[in-house]
Structure formats: C-alpha cells, structure tokens
file final21.txt (compact mmCIF, C-alpha atoms)
# COMPACT_ATOMS: atom_id res chain seq x y z
CA MET Z 1 65.08 118.04 83.34
CA LYS Z 2 64.98 119.68 86.76
CA GLY Z 3 61.60 121.40 86.42
CA GLN Z 4 59.88 118.32 85.01
CA VAL Z 5 58.80 117.02 88.39
CA LEU Z 6 57.29 120.38 89.29
CA VAL Z 7 55.31 120.54 86.04
CA GLU Z 8 54.06 117.00 86.46
CA THR Z 9 53.02 117.77 90.01
CA VAL Z 10 51.15 120.88 88.94
CA ILE Z 11 49.22 118.87 86.34
CA ILE Z 12 48.48 115.95 88.63
CA PHE Z 13 47.69 117.96 91.76
CA PRO Z 14 44.17 119.20 90.79
CA ILE Z 15 43.19 115.70 89.72
CA LEU Z 16 44.32 114.30 93.04
CA ILE Z 17 42.47 117.03 94.90
CA PHE Z 18 39.39 116.13 92.83
CA PHE Z 19 39.75 112.50 93.89
CA LEU Z 20 40.11 113.61 97.48
CA PHE Z 21 36.90 115.60 97.25
CA CYS Z 22 35.20 112.61 95.65
CA ILE Z 23 36.22 110.38 98.54
CA ILE Z 24 34.94 112.90 101.07
CA GLN Z 25 31.74 113.30 99.06
CA ILE Z 26 31.09 109.58 99.03
CA GLY Z 27 31.62 109.47 102.77
CA ILE Z 28 29.11 112.29 103.26
CA LEU Z 29 26.72 110.58 100.85
CA PHE Z 30 26.72 107.31 102.77
CA ASN Z 31 26.41 109.10 106.08
CA THR Z 32 23.46 111.10 104.78
CA TYR Z 33 21.88 107.97 103.35
CA TYR Z 34 21.99 106.30 106.76
CA ILE Z 35 20.43 109.31 108.43
CA VAL Z 36 17.72 109.64 105.75
CA ASN Z 37 16.98 105.94 106.10
CA TYR Z 38 16.63 106.34 109.83
CA ALA Z 39 14.48 109.45 109.35
CA SER Z 40 12.09 107.51 107.15
CA PHE Z 41 11.87 104.78 109.79
CA CYS Z 42 11.11 107.32 112.50
CA GLY Z 43 8.53 109.04 110.30
CA CYS Z 44 6.84 105.74 109.53
CA ARG Z 45 6.88 104.68 113.18
CA ALA Z 46 5.29 107.99 114.15
CA ALA Z 47 2.68 107.76 111.39
CA ILE Z 48 1.51 104.20 112.07
CA VAL Z 49 0.57 104.98 115.68
CA HIS Z 50 -1.29 108.14 114.69
CA THR Z 51 -3.63 106.75 112.06
CA GLN Z 52 -6.79 106.90 114.13
CA LEU Z 53 -9.28 109.42 112.81
CA PRO Z 54 -8.90 112.64 114.78
CA ASP Z 55 -5.15 112.37 114.25
CA ASN Z 56 -3.01 113.47 111.36
CA PRO Z 57 -0.38 110.86 110.42
CA VAL Z 58 1.17 113.11 107.76
CA LYS Z 59 1.92 115.84 110.30
CA TYR Z 60 3.50 113.43 112.74
CA ALA Z 61 5.57 111.78 110.00
CA ASN Z 62 6.82 115.20 108.87
CA ASP Z 63 7.74 116.21 112.41
CA ALA Z 64 9.62 113.00 113.16
CA VAL Z 65 11.51 113.11 109.86
CA ARG Z 66 12.52 116.75 110.27
CA ILE Z 67 13.73 116.20 113.83
CA VAL Z 68 16.02 113.42 112.69
CA LEU Z 69 17.24 115.29 109.62
CA LEU Z 70 18.08 118.35 111.73
CA SER Z 71 20.97 116.34 113.15
CA LEU Z 72 22.67 116.80 109.76
CA ARG Z 73 22.85 120.52 110.59
CA THR Z 74 22.29 121.72 107.02
CA LYS Z 75 19.77 124.12 105.59
CA GLU Z 76 18.74 121.57 102.94
CA VAL Z 77 16.58 119.97 105.64
CA PHE Z 78 13.92 122.52 104.78
CA LEU Z 79 14.01 121.50 101.12
CA SER Z 80 13.43 117.85 101.96
CA LYS Z 81 10.13 116.21 101.04
CA VAL Z 82 8.09 113.67 102.95
CA THR Z 83 5.47 111.56 101.21
CA VAL Z 84 3.02 109.39 103.09
CA LYS Z 85 1.20 106.71 101.13
CA PHE Z 86 -1.41 104.26 102.36
CA TYR Z 87 -1.24 100.72 101.09
CA TYR Z 88 -3.84 99.34 103.44
CA PRO Z 89 -3.03 97.70 105.84
CA GLU Z 90 0.42 99.16 105.42
CA LEU Z 91 1.80 102.65 105.31
CA GLU Z 92 4.83 103.88 103.41
CA VAL Z 93 6.85 106.97 104.19
CA THR Z 94 9.29 108.20 101.56
CA VAL Z 95 11.84 110.86 102.34
CA MET Z 96 13.69 112.89 99.73
CA TYR Z 97 16.71 114.83 100.93
CA PRO Z 98 18.67 117.02 98.49
CA LEU Z 99 22.36 116.51 99.24
CA ASN Z 100 24.54 119.52 98.48
CA LEU Z 101 27.71 118.55 96.61
CA ILE Z 102 31.00 119.88 97.91
CA ILE Z 103 33.12 119.16 94.81
CA PRO Z 104 34.21 122.61 93.53
CA ILE Z 105 33.40 122.70 89.81
CA PHE Z 106 31.14 119.68 89.61
CA GLY Z 107 29.00 121.11 92.36
CA GLU Z 108 28.01 124.05 90.21
CA ILE Z 109 26.88 121.83 87.34
CA LEU Z 110 24.88 119.51 89.57
CA PRO Z 111 24.24 121.30 92.87
CA TYR Z 112 22.04 118.67 94.50
CA ILE Z 113 21.72 114.92 94.48
CA PRO Z 114 18.31 113.75 95.72
CA ILE Z 115 18.59 110.92 98.23
CA TYR Z 116 15.49 108.78 98.56
CA SER Z 117 14.63 106.34 101.27
CA SER Z 118 11.35 104.71 102.18
CA THR Z 119 10.03 102.52 104.97
CA ARG Z 120 6.89 100.43 105.02
CA LEU Z 121 5.24 99.30 108.23
CA PRO Z 122 1.83 97.84 109.08
CA ILE Z 123 -0.68 100.31 110.46
CA GLU Z 124 -1.65 99.99 114.11
CA LYS Z 125 -5.39 100.04 113.76
CA MET Q 126 65.34 109.68 88.08
CA ARG Q 127 66.24 109.08 91.68
CA ARG Q 128 64.39 112.16 92.89
CA GLN Q 129 60.98 110.89 91.74
CA LYS Q 130 60.99 107.90 94.07
CA GLY Q 131 59.17 109.38 97.09
CA GLN Q 132 56.73 111.50 95.14
CA ILE Q 133 53.49 109.58 95.62
CA LEU Q 134 54.30 109.00 99.29
CA VAL Q 135 53.30 112.59 100.06
CA PHE Q 136 49.82 112.07 98.67
CA VAL Q 137 49.43 108.72 100.34
CA VAL Q 138 50.35 110.25 103.67
CA LEU Q 139 47.86 113.04 102.96
CA PHE Q 140 45.02 110.76 101.81
CA ILE Q 141 45.15 107.81 104.18
CA PRO Q 142 44.20 109.69 107.39
CA ILE Q 143 41.33 111.41 105.59
CA LEU Q 144 40.12 108.05 104.29
CA ILE Q 145 40.27 106.52 107.76
CA VAL Q 146 38.41 109.43 109.33
CA ILE Q 147 35.62 109.30 106.74
CA LEU Q 148 35.31 105.54 106.90
CA SER Q 149 35.09 105.53 110.68
CA PHE Q 150 32.54 108.35 110.64
CA VAL Q 151 30.30 106.48 108.22
CA LEU Q 152 30.72 103.23 110.14
CA ALA Q 153 29.83 104.92 113.43
CA THR Q 154 26.67 106.49 112.01
CA GLY Q 155 25.61 103.28 110.31
CA LYS Q 156 26.02 101.19 113.44
CA MET Q 157 24.26 103.75 115.58
CA VAL Q 158 21.27 103.85 113.24
CA TYR Q 159 21.23 100.05 113.07
CA TYR Q 160 21.13 99.67 116.84
CA ARG Q 161 18.65 102.50 117.28
CA ILE Q 162 16.15 100.84 114.90
CA LYS Q 163 16.78 97.48 116.54
CA LEU Q 164 16.21 98.97 119.99
CA GLN Q 165 12.98 100.64 118.88
CA ASN Q 166 11.69 97.38 117.44
CA ALA Q 167 12.63 95.47 120.60
CA THR Q 168 10.88 98.04 122.80
CA ASP Q 169 7.82 97.96 120.56
CA ALA Q 170 7.73 94.19 120.78
CA ALA Q 171 8.01 94.30 124.57
CA ALA Q 172 5.17 96.81 124.91
CA TYR Q 173 3.12 94.82 122.44
CA THR Q 174 3.66 91.65 124.48
CA ALA Q 175 2.40 93.37 127.61
CA ALA Q 176 -0.69 94.65 125.87
CA LEU Q 177 -1.26 91.21 124.40
CA TRP Q 178 -1.34 89.64 127.87
CA GLN Q 179 -3.64 92.38 129.05
CA ALA Q 180 -5.96 91.80 126.08
CA ARG Q 181 -5.84 88.07 126.70
CA GLY Q 182 -6.80 88.61 130.33
CA LEU Q 183 -9.70 90.85 129.38
CA ASN Q 184 -10.93 88.31 126.85
CA VAL Q 185 -10.78 85.44 129.31
CA ILE Q 186 -12.56 87.46 131.95
CA SER Q 187 -15.18 88.54 129.47
CA ASP Q 188 -15.81 84.91 128.52
CA LEU Q 189 -16.09 84.05 132.19
CA ASN Q 190 -18.62 86.85 132.62
CA TRP Q 191 -20.71 84.99 130.08
CA ALA Q 192 -20.14 81.84 132.09
CA LEU Q 193 -21.41 83.66 135.17
CA ILE Q 194 -24.58 84.47 133.32
CA ALA Q 195 -24.90 80.89 132.20
CA ALA Q 196 -24.55 79.84 135.82
CA VAL Q 197 -27.38 82.12 136.82
CA GLY Q 198 -29.64 80.76 134.14
CA GLY Q 199 -28.59 82.21 130.84
CA ASP Q 200 -30.54 85.42 131.04
CA ILE Q 201 -28.67 88.70 130.81
CA ALA Q 202 -31.73 90.72 131.65
CA LEU Q 203 -32.01 88.75 134.85
CA ILE Q 204 -28.64 90.05 135.98
CA LEU Q 205 -28.86 93.53 134.52
CA GLU Q 206 -32.31 94.44 135.71
CA ASN Q 207 -33.32 92.30 138.64
CA PRO Q 208 -32.45 93.76 142.00
CA THR Q 209 -32.08 90.35 143.52
CA LEU Q 210 -31.14 86.96 142.18
CA LEU Q 211 -31.92 83.54 143.38
CA LEU Q 212 -28.95 81.23 143.70
CA ILE Q 213 -29.28 77.89 145.34
CA GLY Q 214 -26.90 75.02 145.92
CA ASP Q 215 -25.05 73.98 142.75
CA LYS Q 216 -25.72 77.25 141.00
CA LEU Q 217 -24.08 79.12 143.83
CA LYS Q 218 -21.11 76.75 143.86
CA CYS Q 219 -20.69 77.20 140.13
CA PHE Q 220 -20.91 80.96 140.46
CA LYS Q 221 -18.27 81.05 143.15
CA ALA Q 222 -15.97 78.74 141.21
CA ILE Q 223 -16.11 80.99 138.19
CA GLN Q 224 -15.39 84.01 140.33
CA ARG Q 225 -12.37 82.25 141.82
CA MET Q 226 -11.17 81.48 138.31
CA GLN Q 227 -11.46 85.14 137.37
CA ASP Q 228 -9.47 86.07 140.44
CA GLY Q 229 -6.77 83.63 139.46
CA TYR Q 230 -6.41 85.14 136.02
CA ILE Q 231 -6.34 88.64 137.45
CA LYS Q 232 -3.60 87.77 139.89
CA SER Q 233 -1.42 85.76 137.53
CA PHE Q 234 -1.60 87.64 134.23
CA PRO Q 235 0.42 90.75 135.16
CA GLY Q 236 3.26 88.56 136.41
CA LEU Q 237 3.13 86.39 133.31
CA ALA Q 238 3.25 89.54 131.21
CA GLY Q 239 6.38 90.68 133.05
CA MET Q 240 8.09 87.37 132.38
CA ALA Q 241 7.05 87.46 128.74
CA ILE Q 242 8.39 91.00 128.28
CA ARG Q 243 11.68 90.03 129.85
CA ALA Q 244 12.16 87.00 127.64
CA ASN Q 245 11.07 88.88 124.54
CA PHE Q 246 13.34 91.87 125.12
CA LYS Q 247 16.30 89.68 126.00
CA SER Q 248 16.00 87.65 122.82
CA ASN Q 249 15.68 90.74 120.65
CA ILE Q 250 18.64 92.88 121.73
CA ASP Q 251 21.85 92.57 123.69
CA ASN Q 252 23.42 94.95 126.19
CA ALA Q 253 20.09 96.57 126.92
CA LYS Q 254 17.50 96.79 129.64
CA TRP Q 255 13.84 97.70 129.80
CA PHE Q 256 12.02 99.63 132.49
CA PRO Q 257 8.32 100.28 132.89
CA LEU Q 258 7.53 103.99 132.70
CA CYS Q 259 4.22 103.55 134.48
CA ASP Q 260 3.59 103.13 138.18
CA SER Q 261 3.09 99.41 137.99
CA MET Q 262 2.47 96.56 135.65
CA PHE Q 263 -1.00 96.74 134.17
CA SER Q 264 -3.81 95.43 136.29
CA LEU Q 265 -7.03 93.99 135.01
CA ARG Q 266 -8.45 95.94 137.90
CA ILE Q 267 -11.21 93.86 139.24
CA ARG Q 268 -13.88 95.94 140.87
CA ARG Q 269 -16.02 93.10 142.00
CA TYR Q 270 -17.73 92.88 145.31
CA TYR Q 271 -18.74 89.62 146.80
CA VAL Q 272 -22.36 90.40 147.19
CA LEU Q 273 -23.74 87.05 148.07
CA LYS Q 274 -26.09 87.59 150.85
CA ILE Q 275 -26.80 84.42 152.70
CA LYS Q 276 -29.98 84.27 154.62
CA GLU Q 277 -30.85 82.00 157.46
CA LYS Q 278 -30.75 78.27 157.13
CA GLY Q 279 -33.44 76.74 155.05
CA VAL Q 280 -34.21 79.97 153.25
CA PRO Q 281 -32.97 80.52 149.67
CA LEU Q 282 -29.75 82.38 149.06
CA TYR Q 283 -29.93 85.81 147.55
CA MET Q 284 -27.42 87.82 145.61
CA GLU Q 285 -28.04 91.50 145.63
CA LYS Q 286 -27.48 93.38 142.43
CA SER Q 287 -28.23 96.75 143.89
CA GLN Q 288 -24.75 96.70 145.35
CA PRO Q 289 -21.89 97.17 142.89
CA GLU Q 290 -21.58 94.71 140.06
CA PHE Q 291 -20.67 91.12 140.48
CA TRP Q 292 -18.94 90.94 137.16
CA ILE Q 293 -15.81 92.70 136.06
CA GLU Q 294 -16.12 95.79 134.00
CA GLN Q 295 -13.73 95.88 131.11
CA ASN Q 296 -14.05 99.60 130.63
CA LYS Q 297 -12.24 100.17 133.88
CA LYS Q 298 -9.13 98.43 132.69
CA GLY Q 299 -5.94 99.30 134.37
CA PRO Q 300 -2.91 101.43 133.54
CA PHE Q 301 -1.46 100.66 130.15
CA ILE Q 302 2.11 99.60 130.16
CA ARG Q 303 4.67 102.00 128.79
CA ILE Q 304 8.20 100.77 128.34
CA ILE Q 305 11.52 102.49 127.96
CA GLY Q 306 14.32 100.44 126.45
CA VAL Q 307 17.87 101.54 127.12
CA ARG Q 308 20.87 100.29 125.23
CA PHE Q 309 24.04 100.92 127.16
CA LYS Q 310 27.32 102.23 125.86
CA ASP Q 311 29.49 99.64 124.21
CA LYS Q 312 32.98 99.35 125.63
CA ILE Q 313 35.02 97.23 123.30
CA VAL Q 314 38.48 98.69 122.81
CA PHE Q 315 40.33 101.86 123.65
CA GLY Q 316 39.60 104.42 120.95
CA GLY Q 317 36.79 102.27 119.62
CA GLY Q 318 34.48 105.26 119.38
CA PHE Q 319 36.64 106.61 116.62
CA LEU Q 320 36.07 103.49 114.53
CA GLY Q 321 32.40 103.21 115.29
CA LEU Q 322 32.79 100.37 117.75
CA GLU Q 323 31.74 102.38 120.74
CA ILE Q 324 28.10 103.38 120.35
CA PRO Q 325 26.65 105.89 122.81
CA GLN Q 326 23.77 105.07 125.11
CA MET Q 327 20.37 105.34 123.49
CA ASN Q 328 16.75 105.14 124.54
CA ALA Q 329 13.44 104.19 122.97
CA VAL Q 330 9.92 104.43 124.31
CA ALA Q 331 6.82 102.48 123.35
CA GLN Q 332 3.34 102.02 124.64
CA ALA Q 333 0.68 99.53 123.66
CA ILE Q 334 -2.94 99.15 124.67
CA PRO Q 335 -5.53 96.42 124.34
CA THR Q 336 -8.16 97.55 121.90
CA ARG Q 337 -10.92 96.27 119.68
CA GLU Q 338 -12.91 97.46 116.72
CA GLY Q 339 -15.14 100.34 117.64
CA ASP Q 340 -12.85 101.65 120.33
CA ALA Q 341 -12.44 105.17 119.18
CA TYR Q 342 -9.50 106.43 121.13
CA LEU Q 343 -7.45 106.10 124.25
CA GLY Q 344 -9.22 107.69 127.17
CA THR Q 345 -12.74 107.47 125.85
CA GLU Q 346 -15.36 105.21 127.30
CA TYR Q 347 -15.57 101.82 125.73
CA LEU Q 348 -18.96 101.01 124.36
CA GLY Q 349 -20.50 97.80 125.50
CA GLY Q 350 -17.43 97.07 127.53
CA LEU Q 351 -18.66 94.12 129.49
CA TRP Q 352 -19.40 91.35 127.12
CA ASP Q 353 -17.12 91.52 124.14
CA PRO Q 354 -14.16 89.12 124.20
CA ASN Q 355 -12.52 90.56 121.06
CA PHE Q 356 -9.59 92.53 122.38
CA TYR Q 357 -6.26 92.67 120.59
CA ALA Q 358 -3.04 94.55 121.23
CA LYS Q 359 -2.07 97.73 119.46
CA LEU Q 360 0.80 100.21 119.66
CA SER Q 361 -0.30 103.64 120.74
CA PRO Q 362 1.29 107.08 120.67
CA VAL Q 363 3.45 107.93 123.64
CA SER Q 364 3.73 111.27 125.27
CA ALA Q 365 6.60 110.56 127.61
CA ARG Q 366 8.76 113.28 129.04
CA VAL Q 367 12.09 111.52 129.15
CA PRO Q 368 15.43 112.48 127.63
CA LEU Q 369 15.38 110.78 124.27
CA VAL Q 370 18.10 112.75 122.53
CA LYS Q 371 21.59 111.38 122.47
CA GLY Q 372 24.26 112.15 119.93
CA LEU Q 373 22.97 111.97 116.40
CA VAL Q 374 19.94 109.89 117.17
CA PHE Q 375 16.58 111.34 118.05
CA HIS Q 376 13.11 110.02 118.49
call {"tool": "encode", "arguments": {"input": "final21.txt", "output": "structure tokens"}}
result
Amino acid sequence: MKGQVLVETVIIFPILIFFLFCIIQIGILFNTYYIVNYASFCGCRAAIVHTQLPDNPVKYANDAVRIVLLSLRTKEVFLSKVTVKFYYPELEVTVMYPLNLIIPIFGEILPYIPIYSSTRLPIEK
Amino acid sequence: MRRQKGQILVFVVLFIPILIVILSFVLATGKMVYYRIKLQNATDAAAYTAALWQARGLNVISDLNWALIAAVGGDIALILENPTLLLIGDKLKCFKAIQRMQDGYIKSFPGLAGMAIRANFKSNIDNAKWFPLCDSMFSLRIRRYYVLKIKEKGVPLYMEKSQPEFWIEQNKKGPFIRIIGVRFKDKIVFGGGFLGLEIPQMNAVAQAIPTREGDAYLGTEYLGGLWDPNFYAKLSPVSARVPLVKGLVFH
C-alpha cells in the first residue's frame, strides 16, 4: 500500500496543473477583455472627433486602438481587427483581438479565442 | 491512512498565491481602465462646458449686433456701406446701451465658464484636478472701437464707419479652451497597489470649440461670421504635446 499515494499523485497531478493553467488563462482573459474594452473606447473617442470631411476617422480609430493594445506586449496585436460603423448620428467601433491560449494541449486544438468589444458614441459634427 | 492527511495542503499552498496574484492583477487593470474612461469623460465634459459658454457668448453678441442695426434703423446696408451714420439723441443712447451690454457679456462669460468647468469637473470625478492647456480662458475678443464722433453742439452726431467696425466680429473669436484632467495617485493602504487599490496617476486631454453648420474646419475663416447666432459646442481633435502615457494606460 506504500506506493498508492505516489500513483494517485501522478494521476491527479496533470489534472491539477490543467486547472492551474485554466485559472491563469481566465485571469489573462479578463485582463485582455478590459484592455480591449478600453481600446475600443479610445478608438471611438478618436474617431468621433475626426469625422469632418478631410479627415479619416478609420485611420485615427485604428491608431488609437493599436496604441492601447500594444500595452499587452503580444504579437497578436497585429492580427487584431478594427471595424468602424456609422449609425448616424452615432459611430461604433468594434475591436477583435485574438487571444493566444497558454493551456498546453488545449492550446493546440484551439489556438486563439477572439475577444470582441465595441463602443458607441455620438459623432461630434 | 494517516499519511494521506496533508496531501491536498501542498496544492492549496501552491495554488492560493497564484490565485491572489491573478485576481489582484485583473482587479488593478479593471479599476485603472474604469478610472481612465471616467477621467476622459469628465475632461470632455469640462471642455464641452467651456465651449458651450463661448458659443453662448457669441450667440448673445450676435443677437445684440442685430439689435445695434435695429437701433440704427434696421438697415444692414446702411451700416455696411455708408461711410457715415446719423445718430441722434435716443438712437445714440440705445446704441451705447447695447454696446455696454455686449461689453458686460464679454467680461463676464469667461469667468462664468471657469466656474462652470470647476463645478462640472468636481461633480464628475474625485481626487482629480483640471488645468487649462492654453494661455488663458477663452475670450470673445471684442475688437470694437468706439467710433462715435461728436460734432459741435447743435449739429447732428456722426458715427464713422470708415474706422474699424463698431460691431464684434465673430470670426475673430478667441483661443479655444483645451483642458488637461489629472487624476492623482490613490493612497489607500500599504501594499494597496498589489490589490489594485492604488491606481497610478493618469492624464486626459480634451478640447472643444464653438461651431455651427457650414463651419468647415478649425482654423479656416468662418463664412458670414457676423450675423449668425447659431453656434453650438463641439469636441475637436487635440494635438497636445504632454506626457499622456502612464503604466498600462495610453491615450
């Protein structure tokens, strides 16, 4: 009966490690969601003040979103997508950020989770 | 069976610190983003308030320009084209009264705007201050010259139009207010930064201008700037060279 504990530990250990990774992953997910949310706000704020004709609101929204997302210090920033939609007199900026999963085996089945966030603000005309 | 008693304790000891670290990290980010958005909105509102008072002032003055014309006799062409104008007695009194009224608005509105910004910003966010990033509060920048030329007794009074205008030009409106809002570092408890209670200092900048339909862009000449009392406030893009980056939060 002496080795029983060791065997049980060996079986349970990977599962526990998996749970640990899951907890860390959820933490990263929430953190990223906050940042993406803030990025969409910044993008929308930049776009609504640049809607007058010679200006390009899409460019400014993209710039503002990328600058905020760069604080995540990942290379997925360059895979992110920014969509600007006009619902006159409002403007909506949607940001999609592909979050890279860190869970060892699961991460290879589903490498990215897309995180969406959108903000809608009235246009400054 | 006795040996299995402390088994799960190892994992608990391993997991709990990791859990706490992650939770505090997420909390800190969330709170920072929350306050950053709140600060930006408060700064926007403050700048918008200033521009609103400026627009209000321009509108009032524009209306009073019309009143000036009415005092002269209701003819715009008379003012715009005639080199001299005839103003006698009551008409002159009326004219001067309206001009005094315009002066009153011009003197009082910037101060009122300052008070309004202060109240607005204070009610929107705590532990923060606002500073104007421009040289001064906006001015409605009156460029009027008192051009009433009084002749000898018994002879009618003349007002010369060949000298600079005797109404206020709206297209020479003053510096637009640009506001920086600063939220200071929270100091709640020792080690609070670890749990997201201590948020770093952050800044936000906003600028607003009075505008109206047909105004193409900031810096261009305003068409028909004298007579249109239809100004409203609008946020405008800022190009301020101030340190805006702090920690995770950019703008």
call {"tool": "closest_residue", "arguments": {"input": "final21.txt", "among": "Q:Val151, Q:Leu139, Q:Ile250, Q:Ile133", "to": "chain Z", "atoms": "all atoms listed in the file"}}
result
Q:Val151
call {"tool": "interface_residues", "arguments": {"input": "final21.txt", "of": "chain Z", "to": "chain Q", "cutoff": "6 Å", "atoms": "all atoms listed in the file", "output": "PyMOL selection string"}}
result
chain Z and resi 27+31+34+49+68+71+124
call {"tool": "atom_distance", "arguments": {"input": "final21.txt", "atom1": "CA of Ala238 in chain Q", "atom2": "CA of Leu177 in chain Q"}}
result
8.3 Å
call {"tool": "closest_residue", "arguments": {"input": "final21.txt", "among": "Z:Leu29, Z:Val36, Z:Ile113, Z:Ile48", "to": "Pro89 in chain Z", "atoms": "only C-alpha atoms"}}
result
Z:Ile48
call {"tool": "residues_around", "arguments": {"input": "final21.txt", "residues": "range 119-122 of chain Z", "least_positions_apart": "4", "cutoff": "6 Å", "atoms": "all atoms listed in the file", "output": "PDB file with C-alpha atoms, in the frame of the given file"}}
result
ATOM      1  CA  SER Z  40      12.090 107.510 107.150  1.00  0.00           C
ATOM      2  CA  PHE Z  41      11.870 104.780 109.790  1.00  0.00           C
ATOM      3  CA  PRO Z  89      -3.030  97.700 105.840  1.00  0.00           C
ATOM      4  CA  GLU Z  90       0.420  99.160 105.420  1.00  0.00           C
ATOM      5  CA  LEU Z  91       1.800 102.650 105.310  1.00  0.00           C
ATOM      6  CA  GLU Z  92       4.830 103.880 103.410  1.00  0.00           C
ATOM      7  CA  VAL Z  93       6.850 106.970 104.190  1.00  0.00           C
TER       8      VAL Z  93
END
call {"tool": "closest_residue", "arguments": {"input": "final21.txt", "among": "Q:Ile304, Q:Ile324, Q:Leu217, Q:Leu265", "to": "Trp178 in chain Q", "atoms": "only C-alpha atoms"}}
result
Q:Leu265
call {"tool": "atom_distance", "arguments": {"input": "final21.txt", "atom1": "CA of Pro325 in chain Q", "atom2": "CA of Asp311 in chain Q"}}
result
7.0 Å
call {"tool": "closest_residue", "arguments": {"input": "final21.txt", "among": "Q:Phe263, Q:Tyr160, Q:Phe234, Q:Trp191", "to": "Arg308 in chain Q", "atoms": "only C-alpha atoms"}}
result
Q:Tyr160
call {"tool": "atom_distance", "arguments": {"input": "final21.txt", "atom1": "CA of Tyr60 in chain Z", "atom2": "CA of Ala331 in chain Q"}}
result
15.6 Å
call {"tool": "residues_around", "arguments": {"input": "final21.txt", "residues": "Tyr116 in chain Z", "least_positions_apart": "6", "cutoff": "12 Å", "atoms": "only C-alpha atoms", "output": "list in words"}}
result
Leu29, Thr32, Tyr33, Tyr34, Ile35, Val36, Asn37, Tyr38, Ala39, Ser40, Ser80, Lys81, Val82, Thr83, Val93, Thr94, Val95, Met96, Tyr97, Pro98 and Leu99 of chain Z
call {"tool": "closest_residue", "arguments": {"input": "final21.txt", "among": "Q:Val307, Q:Val138, Q:Ala195, Q:Ile334", "to": "Ala253 in chain Q", "atoms": "only C-alpha atoms"}}
result
Q:Val307
call {"tool": "closest_residue", "arguments": {"input": "final21.txt", "among": "Q:Arg181, Q:Lys232, Q:Lys221, Q:Lys216", "to": "Pro335 in chain Q", "atoms": "only C-alpha atoms"}}
result
Q:Arg181
call {"tool": "residues_around", "arguments": {"input": "final21.txt", "residues": "Phe256 in chain Q", "least_positions_apart": "6", "cutoff": "12 Å", "atoms": "only C-alpha atoms", "output": "number ranges by chain"}}
result
Q: 168, 171-172, 239, 242-243, 246, 262, 302-308, 328-332
